[in-house]
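Remarks on the structure that follows.
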Amino acid sequence: MSIIKSLSVRNFKAIGDRGATVALAPVTLLFGPNSAGKSSIIQSLHYANEILNRDNPDADRTLLGGDAIELGGFRNVLHQRELSREMTLTFELDLSKTDLPTYRVGYVTSQGAMGDWSPVFDAVSVSLTIVWSPLLSRPCVHAVKVEYDNNLWISTECQLDGKNPQLYLTATIKSADDSSYPEVSNKSFLDEIGAVYASIVSDLYWDTDTQNGRLGIASAPVGGLRDALPVRAQPLDFLTQFWAEGSESPDRREFIEGMSSLVVGPVDILREELAKLVYVGPLREVPARHSQPARSPDPARWSSGLAAWDLLAADPNLLIERTNRWLTERDRFNSGYRIESERYKEVRADSPLGAALAAGELLDTEQARGLYEQLPEHRRVRLIDDNTGLALSPQDLGIGLSQTIPIIVASCHASDTLLVVEQPELHIHPAMQVEMGDLLIESARKRSVTFLVETHSEHLLLRILRRIRETSDGEVPPGVPDCHKDDVAVYFIEPDLDNKDARVTRLRIADDGAFLDRWPRGFFEERGEELF
């Protein structure tokens, strides 16, 4: 599963001061009327990736969005385009299956008073605050806040001296007397912070608030940064005046490495997770009839669906086997087509080999082999009609199947990552839409894919709710994975015209697959109105 467990957005596009939080389940579905704010949730992921992995808070085209997403810069994505607003993007990360990175400063022969530290945290949140800077005439990451298990929070804030950014780091730690620490090792670790770190840091920067049971660093100056965003994979560079007189180099080194792991580590984990994100856009392309697959990996090709055809042409047998299973089996899409990847060579008519073949002449075996090996090899995808045996190009298919194959391939290829899909039901029959629900469930279960899907398909949702009910009743069909209510999150996004803000509501699901909450504004009630 993705390490990202939830996303909170404030003042991004349709989402205003009210903010919106989407907790990610293995299958998370976004519903709502057109232009309500569903795309704002998805595009905020792209924007965060631009900030963290490309240092680009003024993004227009995005690395993962291809032609499907064009943000238009910071002014355009800021809610109501009011430059006085602060935008915040907050991610909750699951640390139960990963360790915080370490950042080594340099080799020191002796060990400091801190020694080997190994705090254990189950979760951490990383919050980015992006503002427009009149002094710099550009947007910048004004603050980064890292919070662990509600017991320890560390923030970095960028303050400007003229046009020169100066970063200040603030760490606030609950008193070790607080019994709510989730791990004993953390309590011991934080005890040592109070005793050891205070002796390393100048009194000017170390603050003890015994009345509120807190201690921490007050505005520690850090150099070498463009704004509040820590440099990737680099330890923090505390300025000279930060250190207490007489503090030893080993102690300083351990302090820098420890604080860097706590501050830079979660940001780097988030960077890596967003870089792995796979985004399949709302309009999937079909490769040109004689086009060749891209040789260099390009994550933006997933946005158009072309990356799926690239993978199929590369002939990874397991991927083709998985894809064909979904395309052909009767209890799945049952499309009547299967995929084959062909390797072929073209012979020019005026080449020695072509001329010899045209004339019916026999060439020496070694000579023929040499000419053949000089020919470049090409690859292409063919779809075989199971009824006629005819081999067809992707362009010969109906539009619905060509829209579906990239989603099948992405679901069968991805693992342990976040897969974002817009409108998976596009141009496909309701019978295929319901099978799309099983595809999401199986990929989430078997390959630990976390899905974030923007859709209008009632049929897809009904299949998922049916699987929840069957799992609860112990009646899941053979070969179909279980699906529990906690495996699915359904959100309804609607515009609040009075507040000019989007409203995001999670609809609770019961064990029997029924909704505990009514759909806002009668969504999906159109069928009943038309029939009765």
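Scheme for the structure tokens: letters A, B, ... for chains in order shown; per-chain residue numbers from 1; ligand numbers from 1 in order shown.
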
Selection: 7 Å around range 507-512 of chain A, only C-alpha atoms, excl. self and same-chain fewer than 3 positions, as a PyMOL selection string: chain A and resi 468-469+472+485+490-491+515-517

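Near Gly479 in chain A, within a cut-off of 12 Å and counting only C-alpha atoms, sit the residues Asp331, Arg332, Asp438, Ile441, Glu442 and Lys446 of chain A, with same-chain residues fewer than 5 positions away left out.
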
Distance criterion (only C-alpha atoms): nearest to Thr455 in chain A out of A:Val420, A:Val126, A:Ala431, A:Leu439: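 Nearest candidate to Thr455 in chain A out of A:Val420, A:Val126, A:Ala431, A:Leu439: A:Val420.
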
Once DSSP has gone over the backbone, tell me which residues of range 353-479 of chain A are in strand (DSSP E or B), as a list in words.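 Checking each residue of range 353-479 of chain A, the strand (DSSP E or B) ones are Glu377, His378, Arg379, Arg380, Val381, Arg382, Leu383, Ile384, Asp385, Ala391, Leu392, Leu418, Leu419, Val420, Val421, Glu422, Thr450, Phe451, Leu452, Val453 and Glu454 of chain A.
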
Compile the contact shell of Ser125 in chain A as an MDAnalysis selection string: residues with an atom at most 7 Å away, counting only C-alpha atoms, same-chain residues fewer than 6 positions apart removed. chainID A and resid 90:93 146:148

Can you pull out every residue within 8 Å of Asp501 in chain A, counting only C-alpha atoms, but drop anything in the same chain fewer than 3 positions away, and send it as an mmCIF file with N, CA and C atoms, in the first residue's frame?
data_model
loop_
_atom_site.group_PDB
_atom_site.id
_atom_site.type_symbol
_atom_site.label_atom_id
_atom_site.label_comp_id
_atom_site.auth_asym_id
_atom_site.auth_seq_id
_atom_site.Cartn_x
_atom_site.Cartn_y
_atom_site.Cartn_z
ATOM 1 N N ALA A 14 -10.628 24.744 -6.151
ATOM 2 C CA ALA A 14 -12.013 24.845 -5.671
ATOM 3 C C ALA A 14 -12.122 24.716 -4.157
ATOM 4 N N ILE A 15 -11.078 24.264 -3.494
ATOM 5 C CA ILE A 15 -11.117 24.028 -2.039
ATOM 6 C C ILE A 15 -10.555 25.257 -1.323
ATOM 7 N N GLY A 16 -11.376 25.879 -0.493
ATOM 8 C CA GLY A 16 -10.997 27.130 0.143
ATOM 9 C C GLY A 16 -10.569 26.971 1.581
ATOM 10 N N ASP A 17 -10.915 27.978 2.407
ATOM 11 C CA ASP A 17 -10.494 28.001 3.808
ATOM 12 C C ASP A 17 -11.063 26.838 4.606
ATOM 13 N N ARG A 18 -12.218 26.339 4.207
ATOM 14 C CA ARG A 18 -12.817 25.205 4.906
ATOM 15 C C ARG A 18 -11.876 24.007 4.890
ATOM 16 N N PRO A 495 -20.118 21.652 -4.679
ATOM 17 C CA PRO A 495 -19.814 23.071 -4.485
ATOM 18 C C PRO A 495 -20.741 23.694 -3.452
ATOM 19 N N ASP A 496 -20.189 24.551 -2.627
ATOM 20 C CA ASP A 496 -20.982 25.359 -1.707
ATOM 21 C C ASP A 496 -21.009 26.767 -2.289
ATOM 22 N N LEU A 497 -22.088 27.093 -2.994
ATOM 23 C CA LEU A 497 -22.142 28.346 -3.735
ATOM 24 C C LEU A 497 -22.145 29.556 -2.810
ATOM 25 N N ASP A 498 -22.655 29.399 -1.592
ATOM 26 C CA ASP A 498 -22.687 30.524 -0.655
ATOM 27 C C ASP A 498 -21.281 30.919 -0.220
#
